[in-house]
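What follows is the content of data-v3.txt (compact mmCIF, C-alpha atoms).
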# COMPACT_ATOMS: atom_id res chain seq x y z
CA MET A 322 12.92 6.98 -47.61
CA ASP A 323 14.33 8.53 -44.44
CA ARG A 324 12.22 7.07 -41.61
CA ILE A 325 12.92 4.04 -39.42
CA ILE A 326 10.30 2.20 -37.40
CA ALA A 327 11.56 0.11 -34.49
CA MET A 328 9.60 -1.76 -31.84
CA GLU A 329 9.94 1.16 -29.43
CA HIS A 330 8.14 3.42 -31.90
CA MET A 331 4.96 1.32 -31.64
CA ASP A 332 2.68 1.90 -28.64
CA PRO A 333 0.42 -0.89 -27.33
CA GLY A 334 -3.18 -0.28 -28.31
CA GLU A 335 -2.34 2.63 -30.63
CA LEU A 336 -2.52 2.21 -34.41
CA LYS A 337 -0.98 5.58 -35.23
CA ILE A 338 2.82 5.85 -35.35
CA GLY A 339 3.69 9.17 -33.81
CA ARG A 340 7.49 8.91 -33.69
CA TRP A 341 10.28 7.25 -35.64
CA GLY A 342 14.03 7.19 -36.20
CA SER A 343 16.03 8.57 -39.11
CA THR A 344 18.08 6.69 -41.69
CA GLU A 345 20.60 9.53 -41.46
CA ASP A 346 21.66 8.10 -38.11
CA GLY A 347 22.42 4.77 -39.77
CA THR A 348 20.45 1.52 -39.68
CA THR A 349 20.69 -2.18 -40.40
CA PHE A 350 16.94 -2.44 -41.04
CA THR A 351 15.97 -3.53 -44.54
CA ARG A 352 12.27 -4.46 -44.37
CA ARG A 353 10.23 -2.05 -46.47
CA VAL A 354 7.11 -0.39 -45.08
CA LYS A 355 4.51 1.05 -47.44
CA PRO A 356 1.48 3.22 -46.62
CA GLY A 357 -1.61 1.13 -45.94
CA GLN A 358 0.26 -1.83 -44.50
CA THR A 359 -0.43 -3.19 -41.02
CA LEU A 360 2.59 -3.65 -38.76
CA PHE A 361 2.75 -6.32 -36.09
CA GLY A 362 5.47 -6.73 -33.46
CA LYS A 363 6.29 -10.44 -33.51
CA ARG A 364 8.70 -10.23 -30.56
CA ARG A 365 6.98 -10.34 -27.16
CA ALA A 366 3.57 -10.40 -28.77
CA TYR A 367 1.97 -9.95 -25.33
CA GLN A 368 2.87 -6.26 -25.67
CA ARG A 369 0.12 -6.04 -28.31
CA LYS A 370 2.01 -3.73 -30.66
CA VAL A 371 0.06 -3.15 -33.87
CA ALA A 372 0.26 -0.10 -36.12
CA TYR A 373 -1.11 1.19 -39.43
CA ALA A 374 1.53 2.65 -41.75
CA GLU A 375 0.81 6.10 -43.19
CA PHE A 376 4.24 6.72 -44.74
CA ASP A 377 7.14 4.96 -46.42
CA ALA A 378 9.82 3.63 -44.07
CA VAL A 379 12.05 0.71 -43.21
CA CYS A 380 11.38 -1.31 -40.09
CA SER A 381 12.94 -3.75 -37.68
CA GLY A 382 13.07 -7.43 -38.54
CA ASP A 383 11.00 -7.99 -35.38
CA ILE A 384 8.08 -6.29 -37.12
CA TYR A 385 5.96 -8.08 -39.68
CA THR A 386 4.33 -6.06 -42.46
CA PHE A 387 0.89 -7.32 -43.51
CA GLU A 388 -0.87 -6.23 -46.68
CA ALA A 389 -4.47 -7.14 -47.40
CA ASP A 390 -5.65 -8.93 -50.53
CA GLU A 391 -8.19 -6.26 -51.47
CA THR A 392 -10.34 -8.79 -53.30
CA GLN A 393 -10.97 -10.47 -49.93
CA MET A 394 -10.24 -7.90 -47.22
CA LEU A 395 -10.07 -4.12 -47.06
CA GLY A 396 -6.69 -2.72 -46.05
CA GLU A 397 -8.29 -0.44 -43.46
CA PHE A 398 -10.03 -3.45 -41.90
CA LEU A 399 -6.86 -5.54 -41.49
CA PRO A 400 -5.32 -3.70 -38.49
CA PHE A 401 -8.40 -4.40 -36.38
CA LEU A 402 -8.19 -8.10 -37.14
CA VAL A 403 -4.58 -8.04 -35.96
CA GLN A 404 -5.66 -6.13 -32.84
CA SER A 405 -8.26 -8.74 -31.92
CA ASN A 406 -7.83 -10.96 -28.87
CA GLU A 407 -8.17 -14.02 -31.05
CA PHE A 408 -5.21 -13.07 -33.23
CA PHE A 409 -3.07 -12.22 -30.19
CA ASP A 410 -3.99 -15.47 -28.48
CA HIS A 411 -2.85 -17.35 -31.58
CA ALA A 412 0.37 -15.32 -31.73
CA LEU A 413 1.12 -16.03 -28.06
CA ASP A 414 0.33 -19.73 -28.41
CA THR A 415 2.78 -19.99 -31.30
CA SER A 416 5.58 -17.94 -29.73
CA ALA A 417 8.82 -19.66 -28.75
CA GLY A 418 11.72 -18.52 -26.56
CA SER A 419 12.05 -17.62 -22.91
CA LEU A 420 13.58 -14.15 -22.54
CA SER A 421 12.36 -12.75 -25.85
CA PRO A 422 9.66 -15.01 -27.30
CA ARG A 423 8.81 -14.61 -30.97
CA THR A 424 6.13 -15.96 -33.22
CA ASN A 425 6.74 -16.67 -36.91
CA TRP A 426 4.83 -16.24 -40.14
CA ARG A 427 4.52 -19.98 -40.75
CA ASP A 428 2.40 -20.34 -37.62
CA LEU A 429 0.56 -17.04 -37.99
CA ALA A 430 -0.49 -18.04 -41.50
CA ASP A 431 -2.57 -20.87 -39.98
CA PHE A 432 -4.78 -18.42 -38.07
CA GLU A 433 -8.43 -18.89 -39.06
CA PHE A 434 -11.23 -16.40 -38.60
CA ASP A 435 -14.67 -15.49 -39.93
CA LEU A 436 -14.33 -12.78 -42.56
CA PRO A 437 -17.35 -10.50 -43.09
CA PRO A 438 -18.34 -9.46 -46.62
CA LEU A 439 -16.54 -6.41 -48.04
CA ASP A 440 -19.48 -4.06 -47.48
CA GLU A 441 -19.72 -5.12 -43.84
CA GLN A 442 -15.95 -4.75 -43.47
CA LYS A 443 -16.35 -1.18 -44.71
CA ARG A 444 -19.10 -0.43 -42.22
CA ILE A 445 -17.25 -1.99 -39.27
CA GLY A 446 -13.93 -0.46 -40.32
CA ASP A 447 -15.42 3.04 -40.59
CA LEU A 448 -16.85 2.72 -37.08
CA LEU A 449 -13.59 1.39 -35.61
CA TRP A 450 -11.56 4.11 -37.31
CA ALA A 451 -13.94 6.74 -35.95
CA ILE A 452 -13.38 5.31 -32.47
CA GLU A 453 -9.60 5.17 -33.07
CA ASN A 454 -9.42 8.79 -34.22
CA HIS A 455 -11.60 10.01 -31.36
CA HIS A 456 -9.42 8.09 -28.92
CA LEU A 457 -6.31 9.68 -30.42
CA GLY A 458 -7.89 13.12 -30.06
CA LEU A 459 -8.73 12.38 -26.44
CA ARG A 460 -5.15 11.34 -25.77
CA VAL A 461 -3.92 14.66 -27.13
CA HIS A 462 -6.45 16.50 -24.95
CA VAL A 463 -5.36 14.49 -21.89
CA GLU A 464 -1.70 15.34 -22.51
CA THR A 465 -2.48 19.03 -23.06
CA ALA A 466 -4.74 19.25 -19.99
CA SER A 467 -2.18 17.39 -17.87
CA VAL A 468 0.56 19.84 -18.84
CA ALA A 469 -1.75 22.76 -18.03
CA LEU A 470 -2.51 21.21 -14.64
CA ARG A 471 1.17 20.79 -13.79
CA ILE A 472 1.90 24.39 -14.78
CA ALA A 473 -1.02 25.68 -12.70
CA ARG A 474 0.01 23.51 -9.76
CA ALA A 475 3.55 24.89 -9.80
CA ARG A 476 2.23 28.44 -9.94
CA PHE A 477 -0.32 27.94 -7.16
CA VAL A 478 1.69 25.95 -4.59
CA ASP A 479 5.15 27.44 -5.14
CA ASP A 480 4.16 31.08 -5.41
CA PRO A 481 7.11 33.38 -4.53
CA ALA A 482 4.61 36.01 -3.40
CA PHE A 483 4.24 34.07 -0.15
CA GLU A 484 6.84 33.54 2.54
CA ALA A 485 8.28 30.06 2.87
CA VAL A 486 7.93 28.00 6.06
CA ARG A 487 9.36 24.59 6.88
CA ALA A 488 7.14 21.75 5.72
CA SER A 489 6.90 20.50 9.32
CA GLU A 490 5.04 23.72 10.21
CA ALA A 491 2.33 23.00 7.64
CA PHE A 492 2.22 19.19 7.50
CA GLU A 493 2.41 16.35 10.00
CA PHE A 494 4.96 13.75 8.89
CA SER A 495 4.70 10.10 9.92
CA THR A 496 6.59 6.98 8.93
CA GLY A 497 4.70 3.69 8.84
CA VAL A 498 5.36 0.34 10.51
CA ARG A 499 8.13 -2.01 9.40
CA ARG A 500 6.90 -5.36 8.13
CA THR A 501 8.54 -8.11 10.19
CA PRO A 502 7.95 -11.89 10.45
CA GLY A 503 6.38 -11.34 13.85
CA ARG A 504 3.61 -9.28 12.29
CA ALA A 505 2.63 -11.97 9.77
CA ALA A 506 0.02 -13.32 12.22
CA GLY A 507 -1.77 -12.02 15.27
CA ALA A 508 -5.06 -11.12 16.86
CA HIS A 509 -5.34 -7.77 15.11
CA MET A 510 -4.62 -8.40 11.43
CA THR A 511 -5.07 -5.11 9.63
CA ARG A 512 -4.90 -4.09 6.01
CA TYR A 513 -2.13 -1.67 5.12
CA LEU A 514 -0.80 0.19 2.09
CA ARG A 515 2.77 -0.05 0.80
CA SER A 516 4.79 1.49 -2.02
CA ALA A 517 3.34 -0.96 -4.55
CA ASN A 518 -0.09 0.58 -3.92
CA VAL A 519 1.01 4.15 -4.67
CA GLY A 520 1.05 5.48 -8.22
CA TYR A 521 1.26 8.93 -9.75
CA GLY A 522 -1.63 10.66 -8.00
CA THR A 523 -3.54 7.39 -7.74
CA LEU A 524 -3.86 4.34 -5.51
CA ASP A 525 -3.89 0.76 -6.80
CA LEU A 526 -5.98 -1.16 -4.29
CA SER A 527 -6.12 -4.44 -6.22
CA ASP A 528 -3.59 -6.07 -3.85
CA VAL A 529 -3.84 -4.78 -0.28
CA GLN A 530 -1.98 -6.97 2.21
CA GLN A 531 -2.36 -7.47 5.96
CA MET A 532 -0.16 -7.58 9.03
CA ASN A 533 -0.74 -7.35 12.75
CA TYR A 534 -1.24 -3.87 14.23
CA GLU A 535 -2.03 -3.65 17.92
CA PRO A 536 -5.08 -1.47 18.73
CA ASP A 537 -2.94 1.51 19.76
CA GLU A 538 -0.95 1.15 16.54
CA GLN A 539 -4.15 1.03 14.50
CA GLU A 540 -5.10 4.38 15.96
CA ARG A 541 -1.66 5.85 15.37
CA PHE A 542 -1.13 4.59 11.83
CA ARG A 543 -4.65 4.50 10.41
CA LEU A 544 -5.35 6.64 7.38
CA ARG A 545 -7.88 9.44 7.35
CA PRO A 546 -9.51 11.05 4.30
CA GLY A 547 -7.17 13.64 2.83
CA ASP A 548 -3.97 11.97 4.05
CA VAL A 549 -1.24 11.89 1.42
CA LEU A 550 1.03 8.87 1.05
CA VAL A 551 4.47 9.45 -0.46
CA SER A 552 6.85 6.73 -1.64
CA GLU A 553 9.77 7.23 0.73
CA GLY A 554 12.48 5.44 -1.22
CA SER A 555 13.23 3.54 -4.40
CA ALA A 556 16.06 2.40 -6.64
CA SER A 557 14.18 4.12 -9.46
CA ALA A 558 14.47 7.90 -9.47
CA SER A 559 11.06 8.14 -11.15
CA ALA A 560 9.38 6.50 -8.14
CA VAL A 561 11.00 8.53 -5.35
CA GLY A 562 8.43 10.82 -3.78
CA MET A 563 5.51 9.57 -5.85
CA PRO A 564 2.34 10.70 -4.02
CA ALA A 565 -1.28 9.58 -3.81
CA ARG A 566 -4.22 10.69 -1.71
CA TRP A 567 -6.33 8.50 0.57
CA ALA A 568 -10.09 9.04 0.25
CA ASP A 569 -11.50 6.22 2.41
CA GLU A 570 -11.77 3.90 -0.59
CA LEU A 571 -11.80 0.83 1.71
CA PRO A 572 -13.50 0.24 5.06
CA GLY A 573 -11.05 0.78 7.88
CA PRO A 574 -8.93 0.71 9.69
CA ILE A 575 -6.39 0.94 6.87
CA CYS A 576 -2.80 1.60 7.94
CA PHE A 577 0.51 2.07 6.11
CA GLN A 578 3.97 0.53 5.98
CA MET A 579 7.28 2.27 6.64
CA THR A 580 8.10 2.38 2.92
CA LEU A 581 5.62 5.26 2.83
CA LEU A 582 5.47 8.67 4.43
CA ARG A 583 2.11 9.98 5.54
CA LEU A 584 1.60 13.73 5.27
CA ARG A 585 -1.40 15.29 6.98
CA ALA A 586 -2.48 18.92 7.12
CA VAL A 587 -1.78 20.77 10.37
CA PHE A 588 -5.21 21.97 11.50
CA GLY A 589 -5.63 25.72 11.28
CA VAL A 590 -2.48 26.10 9.18
CA CYS A 591 -3.09 24.10 6.03
CA VAL A 592 -6.04 22.60 4.16
CA PRO A 593 -5.81 18.90 3.17
CA GLY A 594 -6.07 19.55 -0.56
CA PHE A 595 -3.05 21.84 -0.42
CA VAL A 596 -0.97 19.00 1.05
CA PHE A 597 -1.82 16.78 -1.90
CA HIS A 598 -1.09 19.35 -4.58
CA TRP A 599 2.13 20.44 -2.87
CA CYS A 600 3.28 16.80 -2.82
CA MET A 601 2.34 16.42 -6.47
CA TRP A 602 4.35 19.55 -7.27
CA ALA A 603 7.32 18.34 -5.20
CA TYR A 604 7.30 15.09 -7.19
CA GLU A 605 6.74 16.67 -10.62
CA SER A 606 9.36 19.37 -10.11
CA GLY A 607 11.97 16.97 -8.71
CA ALA A 608 12.00 18.76 -5.35
CA PHE A 609 11.54 15.47 -3.50
CA LEU A 610 14.33 13.86 -5.48
CA GLU A 611 16.66 16.78 -4.70
CA VAL A 612 16.46 16.12 -0.93
CA ALA A 613 16.80 12.34 -1.30
CA GLY A 614 19.87 10.66 0.11
CA GLY A 615 21.49 7.32 -0.66
CA THR A 616 23.44 5.86 -3.56
CA ASN A 617 21.71 2.84 -5.06
CA ILE A 618 18.39 3.38 -3.28
CA LYS A 619 17.26 6.96 -2.81
CA HIS A 620 15.37 7.88 0.39
CA ILE A 621 13.72 11.20 1.09
CA SER A 622 13.02 10.39 4.79
CA ALA A 623 10.62 12.23 7.06
CA LEU A 624 13.46 14.30 8.51
CA ARG A 625 14.74 15.61 5.19
CA SER A 626 11.34 16.19 3.62
CA SER A 627 10.01 17.94 6.73
CA GLN A 628 12.72 20.59 6.29
CA MET A 629 11.65 21.45 2.74
CA PRO A 630 10.32 24.98 2.18
CA VAL A 631 6.59 25.46 1.65
CA ARG A 632 5.17 28.74 0.41
CA LEU A 633 1.96 28.94 2.38
CA PRO A 634 -0.92 31.32 1.50
CA SER A 635 -3.75 32.04 3.93
CA LEU A 636 -6.27 29.27 4.54
CA ASP A 637 -8.88 30.98 2.35
CA GLU A 638 -6.36 31.48 -0.44
CA GLN A 639 -5.20 27.87 -0.13
CA GLN A 640 -8.77 26.61 -0.48
CA GLU A 641 -9.46 28.85 -3.46
CA ARG A 642 -6.37 27.56 -5.23
CA VAL A 643 -7.11 23.97 -4.31
CA ASP A 644 -10.64 24.30 -5.72
CA ARG A 645 -9.25 25.48 -9.05
CA LEU A 646 -6.70 22.67 -9.15
CA GLU A 647 -9.34 20.09 -8.21
CA ALA A 648 -11.54 21.28 -11.09
CA MET A 649 -8.63 20.84 -13.49
CA THR A 650 -7.83 17.42 -11.99
CA SER A 651 -11.45 16.33 -12.47
CA ALA A 652 -11.37 17.49 -16.08
CA VAL A 653 -8.26 15.39 -16.79
CA ALA A 654 -9.85 12.39 -15.05
CA ALA A 655 -13.03 12.79 -17.12
CA LEU A 656 -11.02 12.76 -20.34
CA ARG A 657 -9.16 9.64 -19.22
CA ASP A 658 -12.44 7.95 -18.27
CA GLU A 659 -13.91 8.70 -21.69
CA ALA A 660 -10.81 7.28 -23.37
CA GLU A 661 -11.14 4.13 -21.26
CA ARG A 662 -14.82 3.78 -22.18
CA LEU A 663 -13.85 4.01 -25.83
CA ASN A 664 -11.35 1.21 -25.30
CA VAL A 665 -14.12 -0.92 -23.83
CA VAL A 666 -16.42 -0.18 -26.79
CA ARG A 667 -13.64 -0.96 -29.26
CA GLY A 668 -12.82 -4.21 -27.46
CA ALA A 669 -16.46 -5.28 -27.45
CA LEU A 670 -16.80 -4.54 -31.16
CA LEU A 671 -13.63 -6.48 -31.97
CA THR A 672 -14.85 -9.43 -29.92
CA HIS A 673 -18.25 -9.32 -31.63
CA THR A 674 -16.59 -9.21 -35.05
CA PHE A 675 -13.79 -11.74 -34.61
CA GLY A 676 -14.69 -13.69 -31.47
CA SER A 677 -15.73 -17.28 -31.60
CA ASP A 678 -19.32 -18.22 -30.84
Any chance you could put this one into C-alpha cells?
Amino acid sequence: MDRIIAMEHMDPGELKIGRWGSTEDGTTFTRRVKPGQTLFGKRRAYQRKVAYAEFDAVCSGDIYTFEADETQMLGEFLPFLVQSNEFFDHALDTSAGSLSPRTNWRDLADFEFDLPPLDEQKRIGDLLWAIENHHLGLRVHVETASVALRIARARFVDDPAFEAVRASEAFEFSTGVRRTPGRAAGAHMTRYLRSANVGYGTLDLSDVQQMNYEPDEQERFRLRPGDVLVSEGSASASAVGMPARWADELPGPICFQMTLLRLRAVFGVCVPGFVFHWCMWAYESGAFLEVAGGTNIKHISALRSSQMPVRLPSLDEQQERVDRLEAMTSAVAALRDEAERLNVVRGALLTHTFGSD
C-alpha cells in the first residue's frame, strides 16, 4: 500500500481521485482505504468533497470512509447519497468549530433518508455513473482543448515572422476612475466594472456597483463592444494582468474603475479580436507579470504595458487568425456548457432521489 489520500487530493463535485501522495515520502495517516468505499471530507464539509475509492490507500483522519451494507444498499449507489444536498445540509448543520469546522460520525449516523429498493438503486446508480463518466471525459476534453487553444494563441499573436511594434501603436490604453467618497452619490450614478468583475477571459456581472460619473466622464470611460479590461494590479501574481472582453452584456453606459486598464484597438491598425487574444497571451505567458512593478502589490500600469512589444500582422491576417482562435474558444466554451448541463441533470436526479417531498 503506497498511496496516500489527503483532503487536497479530493476535488469538489468529482468522485474520481486523480492524484495522491506516496507513503515513501512518509506519513502519519493510518486510516485504511479499500476499493469500493466512499470517502467524505468531514472538515469544512461545505467544500463538498466526496470520492469513490478505486485502489488501496491510507487517508487523512479528516476523511471518513463509508462502506455500504450490501444487503441494504449497493456500494456504487452510496457515493451519490453522500453527494446529495440533503446529506451535506445535515453535515453542515452538525459541524462545530469556527476556523475549521468538522462534523462527526455520531451526528452523521442520525441522518435519515428514503432508500429505494436494490433494483432501483442499480438503475439510478447506473445512470448517475454514466453521467459521472461522461462528465469526467468532458473535463479531459476541456483541458486538452484549452491547452491547444493556448498553444495556438501563442503561435498566432507572438509570431516572430512579424516585426514588433510598441503596444501603444496598436492599442489605446486607458485607466479608469478612482472610487472616492465623493462619488458615492450624485446626479449621474453609473454602473462600473472593477477587478472583482474580471476573471480569466470572462466577466462576472453578478455584482456590478455604481458611482457618480459626470456626463463627460461617462463618454470618456464608457465601454464599447470589443474593449478588453485587464486587472492592473494585485497582491496575487495569478491575478495580475487577468483579461476579459466586454460584449455589451448590460445596457449602458457601463464604465470602469482605475483598478482596471482598458485596451481598445487602434482603428486601421488592429482588429478588436486581436487585442483580446494578445492580452490573453500576455497573461498566460507571464508577459504582463514580467513588466509589473511593486513589491507586495504588483502593478503593470498603462505606461509599462503600453511599451510592451506586439508582433502585428496585416489587418487581414489578424482577422484570419482571430477567426481561428474564436472558433477554438467557442469549442472550449461548448464543452464547458455541456459539462455544466450534466451537473444540472445530476443535481436534479439526486434531488429527485434523495430530496424530501
Closest of A:Ala366, A:Leu439, A:Ala655, A:Val519 to Thr415 in chain A - atom-to-atom distances counting only C-alpha atoms = A:Ala366
Identify the residues around (-12.0, -3.9, -52.3) within a radius of 12 Å, measuring from all atoms listed in the file in the coordinates stated by the file, and give them as a list in words.
->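 Those residues lying close to the given coordinates are Ala389, Asp390, Glu391, Thr392, Gln393, Met394, Leu395, Gly396, Glu397, Phe398, Pro438, Leu439, Asp440, Glu441, Gln442 and Lys443 of chain A.
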Same residues, C-alpha atoms, saved as a compact mmCIF listing (two decimals), keeping the file's coordinate frame:
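Once everything was written out, this is again_19.txt:
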# COMPACT_ATOMS: atom_id res chain seq x y z
CA ALA A 389 -4.47 -7.14 -47.40
CA ASP A 390 -5.65 -8.93 -50.53
CA GLU A 391 -8.19 -6.26 -51.47
CA THR A 392 -10.34 -8.79 -53.30
CA GLN A 393 -10.97 -10.47 -49.93
CA MET A 394 -10.24 -7.90 -47.22
CA LEU A 395 -10.07 -4.12 -47.06
CA GLY A 396 -6.69 -2.72 -46.05
CA GLU A 397 -8.29 -0.44 -43.46
CA PHE A 398 -10.03 -3.45 -41.90
CA PRO A 438 -18.34 -9.46 -46.62
CA LEU A 439 -16.54 -6.41 -48.04
CA ASP A 440 -19.48 -4.06 -47.48
CA GLU A 441 -19.72 -5.12 -43.84
CA GLN A 442 -15.95 -4.75 -43.47
CA LYS A 443 -16.35 -1.18 -44.71
Out of A:Val371, A:Leu457, A:Val379, A:Ala473, which residue has the shortest atom-to-atom distance to Met649 in chain A when counting all atoms listed in the file?
-> A:Ala473
Taking all atoms listed in the file into account, which of A:Glu641, A:Glu553, A:Asp323, A:Glu433 comes nearest Thr496 in chain A?
->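 Ranked by minimum distance to Thr496 in chain A, first place goes to A:Glu553.
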For Asn454 in chain A, which residue among A:Ala466, A:Leu336, A:Arg512, A:Leu646 is the nearest when counting all atoms listed in the file?
-> A:Leu336
Counting all atoms listed in the file, which residues in range 415-528 of chain A sit no more than 9 Å from range 666-669 of chain A? For each one, give the nearest pair of atoms and the distance in Å, sorted by chain then residue number, as JSON lines.
{"residue": "A:Leu449", "atom": "CA", "partner": "A:Arg667", "partner_atom": "CA", "distance": 6.8}
{"residue": "A:Ile452", "atom": "CA", "partner": "A:Arg667", "partner_atom": "CA", "distance": 7.0}
{"residue": "A:Glu453", "atom": "CA", "partner": "A:Arg667", "partner_atom": "CA", "distance": 8.3}
